[in-house]
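> Before I ask anything, here is the structure I am working with.
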Amino acid sequence: MKKALLFVLLASTASAQPVSDIEVPVVVIDQGGADSAFGRTDEALDLANIVQSAAKGITTVQEAPAIVTVVTSDEIKDRQFQTLEDLIDTVPGWYRSSIYYSNFPQPLVRGQVQAVQYLHDGLSMFDVQANIPSINRVMPLELVKRVEMITGPGGVLWGSNSLLGILNVITKDAEDVDGIEVGGGLGDGKGDRNMARAYVMGGKVAGKLKVFGHASVESYQGAGFDMPILFFHDALPQPNSANIYGPLTETHQAQSLIVDLTAKITYDKLQLRVSFPTGKMYKPLGLSGNPSEDSANPADPMNVSQLNRSDTFDRYAVLEYRDRFAHDRAGITAHGYVQQFVRGFGPLQVLTPSKLLPGGLSFNTDILSYRSGIAVDGDVEVAKSVRVLYGVEAFREWKPADEVSTLPSPYDYNRLPLLCPRIYDPTTMALAQVPGCPIQFAYPGDRTVLGAYVDPQWRPTKKLILDLGGRVQVAPGALGSIAYEATTTIAGTLVWNFIPNWHFKANYAEGFRPPVFDNILSNGEGVQIGGNPNLKVEQSKAVQGEINARIFKGERRIRELSFRIDGSYTKIQNAIQVQAGNYLNSGDRGLRSGEFLAKLYLQGGHRIEFGYTYLVGETTDKGRLISLPQNWFNLATVWNLVTNKLTATTNLKVAGAAEDPNRLVEYRNLGFDAMGNPTGTVSVAATSLVLDRLPPIAELTIGLQYSPTPKLSIRATIYDALFAHEYQPDPFGDYEPHLEYLPNPYEGFRAYLAASYQY
């Protein structure tokens with residue numbers, strides 16, 4: 001790797017250095033004197049221990065004023081992650097899940113859904129319309145330079161929506177490729193059928209000008225699930241009627257397509273970043289768990305409702321300026337941006353076509369929301385031991401027009417429990433239904449947000465760091481149709497280097513999240529949850545403690561052992577949940593959690609990683625959060641079987657049992673006749689409730705990577721090698737299930753073969 005800069009992070013310097021390109025530097029960690037017995041510093045290990053998200057400047061994981069995990073591009077490649085979700089699932093405190101039967105992947109942080117602030121190179125990707133993050137296969141992993149994850153609130157530095165975690169994906173630059181790289185892969189298995197993808201990316205450095213580009217295309221059918229056919233339930237917002245089910249059937253959705261186009265152009269201190277993903281994303285299960293069937297169905301001869309499409313794309317353009325001045329004692333980063341968030345359903349299936357409901361039930365709506373704004377972040381060294389971070393931002397987010405949902409099915413709108421709009425038909429001289437039954441989905445809205453923060457960092461001694469910051473943020477009513485009052489957040493951290501290479505952290509942090517537009521502007525009289533303009537801002541407060549160590553063993557068998565152990569108590573107030581068909585603020589939540597992460601690096605390029613999470617949550621309205629496992633761990637290894645030629649990786653995830661409120665659906669006596677038609681149905685009342693016990697999870701991933709030359713890499717990976725049948729926890733834990741009536745399955749066995757070449 002090209003070495004252009006040298007950052008020396010000594011105990012006598014300020015805790016956070018200016019934001020800069022962090023893949024290029026060699027980081028030298030002071031070990032207590034020039035006569036250190038640990039030998040030369042390993043560059044790869046150092047790059048895995050620096051972070052910029054925790055303090056908006058370069059510092060170490062050990063000294064950062066937060067609980068931080070860093071995953072570099074080398075580790076992504078060695079451990080053969082296929083998606084960002086796979087990576088997230090290995091970090092203590094985080095858990096891979098989804099809501100509404102895999103339609104919307106949602107990482108859980110400390111067991112809470114929709115609580116993560118998702119960033120691309122420090123730019124918020126928060127979807128203001130529905131809070132559906134694009135943390136899925138839309139993000140190409142070959143584009144990622146490093147991922148920085150903060151467990152806990154981050155409201156001071158990152159503002160709204162950083163309720164319980166920060167996920168910052170830092171993408172590659174021209175010098176990270178310095179040429180052309182091409183790659184592709186194939187995959188199959190019931191967990192991800194008919195997958196094929198290809199990509200090309202390149203970088204060129206010419207003096208002050210740097211150019212980077214990436215393009216990828218991926219096609220896949222996705223997972224196959226066995227679920228009973230759902231023929232009928234009442235429509236949203238309160239589908240609490242009797243449900244009618246048919247026999248168990250396997251999903252067969254259409255082939256999806258994702259195209260990603262990304263570019264970076266840098267000239268001296270100015271950088272332009274553009275990202276434009278697009279495509280069609282088809283899901284295996286409908287909104288209520290009914291199986292998708294992209295095949296001939298006599299109850300849907302026009303095939304109007306079986307595609308079950310749900311798109312999630314974030315597009316943006318960013319112009320950023322960075323500079324250092326005053327003999328490097330001060331710096332500034334300013335950027336302006338415009339974003340488009342695509343959350344489209346075209347159509348999203350609710351009920352399966354049947355004789356009871358020809359065409360089934362599905363709806364189309366294109367949800368487009370936007371954000372544009374400016375932000376300035378700076379730092380200044382006001383004294384030898386004091387550095388002050390500061391920043392201001394202003395942005396406007398809006399949904400420009402009324403969102404109307406149309407119903408391509410059922411064929412007979414008189415079967416709907418909703419009243420379709422009607423117009424006068426002069427040919428029949430009577431009122432007739434408007435084609436497509438257009439119904440208001442959500443109303444237009446906008447808000448302008450202003451925010452500012454200041455965060456002084458003081459190092460009174462070489463071994464002690466004190467960090468105390470505060471932010472105020474407001475959405476004035478005079479500047480938009482949606483507003484919220486001035487909200488303040490504070491955070492404070494003590495970092496004590498009490499033994500050489502050992503650090504103790506004591507941290508208090510706050511975060512907040514204002515209601516998204518869908519919470520406020522949705523039309524509860526349509527195919528929607530009812531909006532509530534009186535919702536309060538969600539708030540989080542966390543007390544956290546950590547002990548971490550980075551122990552070098554020099555030239556012997558152990559190159560390095562690093563670990564952290566941390567505990568926290570988190571309180572969440574005004575959490576927004578669905579109750580009685582409407583969005584309401586629910587009861588307070590208290591979360592007790594403990595995490596442990598250890599990484600052992602051995603001579604010869606081998607390493608072992610162990611991560612463990614303990615979590616107990618309680619609420620004032622639902623009691624114990626039994627729908628989440630209390631314990632889970634990951635045991636990962638990378639073995640260098642033939643030096644610089646052949647490596648092997650494994651990951652074993654084990655999670656405890658959970659309990660899931662569902663309806664009791666007895667479909668085992670149902671089947672199909674010779675023509676493929678269901679032979680019967682079963683009606684399940686709203687009172688037919690059961691508390692299913694979701695069994696513990698044991699999922700094994702294994703992979704091999706062969707590099708016959710330094711520029712060519714061939715990888716083979718198997719997920720769910722144990723052929724386990726696993727279920728996802730219900731992050732809402734609703735004791736009166738309105739949409740997730742049955743346990744939500746994980747995808748099963750899947751295997752991939754991929755190759756990449758650099759030139």
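Residues in the structure tokens are numbered from 1 in each chain, the chains being A, B, ... in the order shown, and ligands are numbered from 1 in the order shown.
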Considering only C-alpha atoms, return as a list of chain:residue names whatever protein or nucleic-acid residues lie within 8 Å of A:Thr72, sequence-local ones (same chain, fewer than 5 positions apart) excluded.
A:Leu47, A:Ala48, A:Lys145, A:Arg146, A:Val147
> Under the rule of at most 10 Å, produce a per-residue listing of stretch 439-501 of chain A near stretch 516-524 of chain A: chain, number, name, the closest pair of atoms, and the distance in Å, as CSV, using only C-alpha atoms.

```
residue,atom,partner,partner_atom,distance
A:Ile439,CA,A:Asn523,CA,8.9
A:Gln440,CA,A:Asn523,CA,6.4
A:Phe441,CA,A:Asn523,CA,5.4
A:Ala442,CA,A:Ser522,CA,4.1
A:Tyr443,CA,A:Leu521,CA,5.2
A:Pro444,CA,A:Leu521,CA,7.2
A:Gly445,CA,A:Phe517,CA,7.2
A:Asp446,CA,A:Phe517,CA,8.4
A:Arg447,CA,A:Phe517,CA,9.6
A:Ile482,CA,A:Phe517,CA,8.4
```
> For stretch 367-374 of chain A, find every residue with an atom within 7 Å (counting only C-alpha atoms), except residues of its own chain fewer than 4 positions away, and show them as a PyMOL selection string.
chain A and resi 129+335-344+393-399+403
> What are the DSSP alpha helix (DSSP H) residues of stretch 16-231 of chain A, as number ranges by chain?
A: 43-47, 73-79, 84-88, 155-158, 174-177
> Those residues with C-alpha atoms, as a PDB file, in the first residue's frame please?

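As a result, part35.pdb now contains:
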```
ATOM      1  CA  GLU A  43       0.699  -1.627   9.508  1.00  0.00           C
ATOM      2  CA  ALA A  44      -2.418  -3.752   8.966  1.00  0.00           C
ATOM      3  CA  LEU A  45      -3.045  -4.004  12.706  1.00  0.00           C
ATOM      4  CA  ASP A  46      -2.645  -0.253  13.128  1.00  0.00           C
ATOM      5  CA  LEU A  47      -5.095   0.543  10.348  1.00  0.00           C
ATOM      6  CA  SER A  73     -11.336  -3.831   3.496  1.00  0.00           C
ATOM      7  CA  ASP A  74      -8.676  -6.479   4.093  1.00  0.00           C
ATOM      8  CA  GLU A  75     -10.838  -8.097   6.758  1.00  0.00           C
ATOM      9  CA  ILE A  76     -13.913  -7.906   4.515  1.00  0.00           C
ATOM     10  CA  LYS A  77     -11.955  -9.755   1.830  1.00  0.00           C
ATOM     11  CA  ASP A  78     -10.382 -12.300   4.175  1.00  0.00           C
ATOM     12  CA  ARG A  79     -13.660 -13.134   5.909  1.00  0.00           C
ATOM     13  CA  LEU A  84     -23.157  -5.391   4.679  1.00  0.00           C
ATOM     14  CA  GLU A  85     -25.711  -7.314   6.738  1.00  0.00           C
ATOM     15  CA  ASP A  86     -23.277 -10.245   7.060  1.00  0.00           C
ATOM     16  CA  LEU A  87     -20.591  -7.899   8.364  1.00  0.00           C
ATOM     17  CA  ILE A  88     -22.890  -6.200  10.867  1.00  0.00           C
ATOM     18  CA  GLY A 155     -26.337  12.742  19.115  1.00  0.00           C
ATOM     19  CA  VAL A 156     -23.687  15.364  19.870  1.00  0.00           C
ATOM     20  CA  LEU A 157     -21.466  14.895  16.812  1.00  0.00           C
ATOM     21  CA  TRP A 158     -23.940  13.323  14.399  1.00  0.00           C
ATOM     22  CA  ALA A 174      -8.335   6.560  -6.347  1.00  0.00           C
ATOM     23  CA  GLU A 175      -5.110   5.617  -4.535  1.00  0.00           C
ATOM     24  CA  ASP A 176      -6.775   2.578  -2.961  1.00  0.00           C
ATOM     25  CA  VAL A 177      -7.136   0.982  -6.401  1.00  0.00           C
TER      26      VAL A 177
END
```
